[in-house]
Amino acid sequence: MVFHRQLILPAVRKMKDLEKLLGMNYEYIVLLDSHISQVQNVVGMARANGKKALIHADLIEGLKNDEYAAEYLCQVVRPAGIISTKSSVITKTKQNKLLAIQRLFLLDTSALENGISLLERTKPDYIEVLPGVIPSIITEVNDRTGIPIFAGGLIRSVQDVELALAAGASAVTTSDKELWKHFEGRA
C-alpha cells in the first residue's frame with residue numbers, strides 16, 4: 001500500500017533543499033533538523049506551497065521532546081504529522097488526530113523485540129524503520145504489527161528503494177535529492 005501515491009517521502013535538512021522541494025510534485029514532505037524559532041514558519045511555507053509537513057520532533061533544537069512539546073507542535077505549528085522515537089509524543093499526536101509515526105532504530109534483536117512491544121502500546125499510524133536497507137526486517141515488522149512502514153536510513157540507491165518497497169514498505173524516507181528526482185510522480 002503506497003503512502004498517498006508517493007513512493008518517496010523526501011526529507012529535508014536545509015532551507016535551500018526545502019526551496020527546491022517546494023517546486024516538486026510531492027504532497028508530503030519530512031522536516032528533519034530545525035530550530036524551534038523556525039519550525040512554524042517552515043511548516044507554513046510548506047503549507048502555502050501545497051505541501052503537508054511531517055515534523056521529526058526529536059530533531060527540533062530548543063524543544064524538549066515530550067508530550068508538552070507534542071501538544072505545542074500539534075496545536076500551534078499544526079503539521080500533518082509528527083515523527084518521534086518517544087511513545088509519549090506518539091500518544092499525544094494521536095490524541096490530536098495528526099499522523100503519528102513511531103521511529104524505530106533496529107540495531108539488534110533486542111531492539112526489534114523492544115520496538116514491537118512499544119508499538120503494541122502506542123499503536124502509531126505508521127512506523128519508520130531504520131535502517132531501511134534490511135528488507136527481511138521490514139517484512140517481519142510489517143507481518144508482526146500490521147502497521148504500515150516507512151523505510152529510512154542508509155537508503156542510497158534506486159535499488160535500495162525498490163527492495164524496501166518490495167519488502168512491504170509503504171514509502172521510503174530519504175534526503176537524497178537524486179532519489180527525489182528519480183521517483184517524483186511515480187506511484
# chains A, B, ... in the order shown; residues from 1 in each chain; ligands from 1
call {"tool": "residues_around", "arguments": {"residues": "A:Pro135", "least_positions_apart": "3", "cutoff": "7 Å", "atoms": "only C-alpha atoms", "output": "list in words"}}
result
Ile138, Thr139, Leu163, Ala164 and Ala167 of chain A
call {"tool": "write_last_selection", "arguments": {"atoms": "N, CA and C atoms", "output": "PDB file, in the first residue's frame"}}
result
ATOM      1  N   ILE A 138      11.999  -5.366   7.409  1.00  0.00           N
ATOM      2  CA  ILE A 138      10.802  -4.604   7.029  1.00  0.00           C
ATOM      3  C   ILE A 138       9.614  -5.556   6.937  1.00  0.00           C
ATOM      4  N   THR A 139       9.817  -6.686   6.269  1.00  0.00           N
ATOM      5  CA  THR A 139       8.749  -7.678   6.135  1.00  0.00           C
ATOM      6  C   THR A 139       8.320  -8.209   7.493  1.00  0.00           C
ATOM      7  N   LEU A 163      13.903  -2.378  -3.182  1.00  0.00           N
ATOM      8  CA  LEU A 163      13.914  -3.523  -2.272  1.00  0.00           C
ATOM      9  C   LEU A 163      13.065  -3.264  -1.037  1.00  0.00           C
ATOM     10  N   ALA A 164      13.142  -2.058  -0.491  1.00  0.00           N
ATOM     11  CA  ALA A 164      12.335  -1.712   0.691  1.00  0.00           C
ATOM     12  C   ALA A 164      10.848  -1.771   0.344  1.00  0.00           C
ATOM     13  N   ALA A 167       9.652  -5.273  -0.045  1.00  0.00           N
ATOM     14  CA  ALA A 167       9.571  -5.954   1.252  1.00  0.00           C
ATOM     15  C   ALA A 167       8.327  -5.560   2.036  1.00  0.00           C
TER      16      ALA A 167
END
call {"tool": "select_by_dssp", "arguments": {"residues": "stretch 42-88 of chain A", "states": "strand (DSSP E or B)", "output": "list in words"}}
result
Lys52, Ala53, Leu54, Ile55, His56, Ile60, Glu61, Gly81, Ile82, Ile83 and Ser84 of chain A
call {"tool": "residues_around", "arguments": {"residues": "A:Asn25", "least_positions_apart": "6", "cutoff": "12 Å", "atoms": "only C-alpha atoms", "output": "list in words"}}
result
Arg5, Gln6, Leu7, Ile8, Leu9, Pro10, Asn49, Gly50, Lys51, Lys52, Trp180, Lys181, His182, Phe183, Glu184, Gly185, Arg186 and Ala187 of chain A
call {"tool": "closest_residue", "arguments": {"among": "A:Met1, A:Leu107, A:Val12, A:Leu73", "to": "A:Thr174", "atoms": "only C-alpha atoms"}}
result
A:Val12
call {"tool": "residues_around", "arguments": {"residues": "A:Tyr126", "least_positions_apart": "5", "cutoff": "10 Å", "atoms": "only C-alpha atoms", "output": "list in words"}}
result
Phe3, Ile83, Leu99, Ala100, Ile101, Gln102, Arg103, Leu119, Gly146, Ile147, Pro148, Ile149, Phe150 and Ser170 of chain A
call {"tool": "closest_residue", "arguments": {"among": "A:Leu32, A:Ala48, A:Val76, A:Ala166", "to": "A:Ile60", "atoms": "only C-alpha atoms"}}
result
A:Leu32
call {"tool": "select_by_dssp", "arguments": {"residues": "stretch 1-73 of chain A", "states": "helix (DSSP H, G or I)", "output": "JSON, numbers by chain"}}
result
{"A": [15, 16, 17, 18, 19, 20, 21, 22, 36, 37, 38, 39, 40, 41, 42, 43, 44, 45, 46, 47, 48, 57, 58, 59, 67, 68, 69, 70, 71, 72, 73]}
call {"tool": "residues_around", "arguments": {"residues": "A:Val39", "least_positions_apart": "4", "cutoff": "8 Å", "atoms": "only C-alpha atoms", "output": "PyMOL selection string"}}
result
chain A and resi 34-35+43+60+77
call {"tool": "closest_residue", "arguments": {"among": "A:Leu112, A:Ile36, A:Ala46, A:Ala80", "to": "A:Lys20", "atoms": "only C-alpha atoms"}}
result
A:Ala46
call {"tool": "closest_residue", "arguments": {"among": "A:Glu120, A:Asp160, A:Asp176, A:Asp108", "to": "A:Leu21", "atoms": "only C-alpha atoms"}}
result
A:Asp176
call {"tool": "residues_around", "arguments": {"residues": "A:Leu130", "least_positions_apart": "5", "cutoff": "10 Å", "atoms": "only C-alpha atoms", "output": "PyMOL selection string"}}
result
chain A and resi 103-107+137-138+150-155+173
call {"tool": "closest_atom_pairs", "arguments": {"of": "stretch 78-144 of chain A", "to": "stretch 61-72 of chain A", "cutoff": "6 Å", "atoms": "only C-alpha atoms", "output": "CSV"}}
result
residue,atom,partner,partner_atom,distance
A:Ser88,CA,A:Glu67,CA,5.4
A:Val89,CA,A:Glu67,CA,4.9
A:Lys92,CA,A:Glu67,CA,5.9
call {"tool": "write_last_selection", "arguments": {"atoms": "C-alpha atoms", "output": "PDB file, in the first residue's frame"}}
result
ATOM      1  CA  SER A  88       4.525   9.899  24.903  1.00  0.00           C
ATOM      2  CA  VAL A  89       4.916  12.087  21.798  1.00  0.00           C
ATOM      3  CA  LYS A  92      -0.197  12.941  22.281  1.00  0.00           C
TER       4      LYS A  92
END
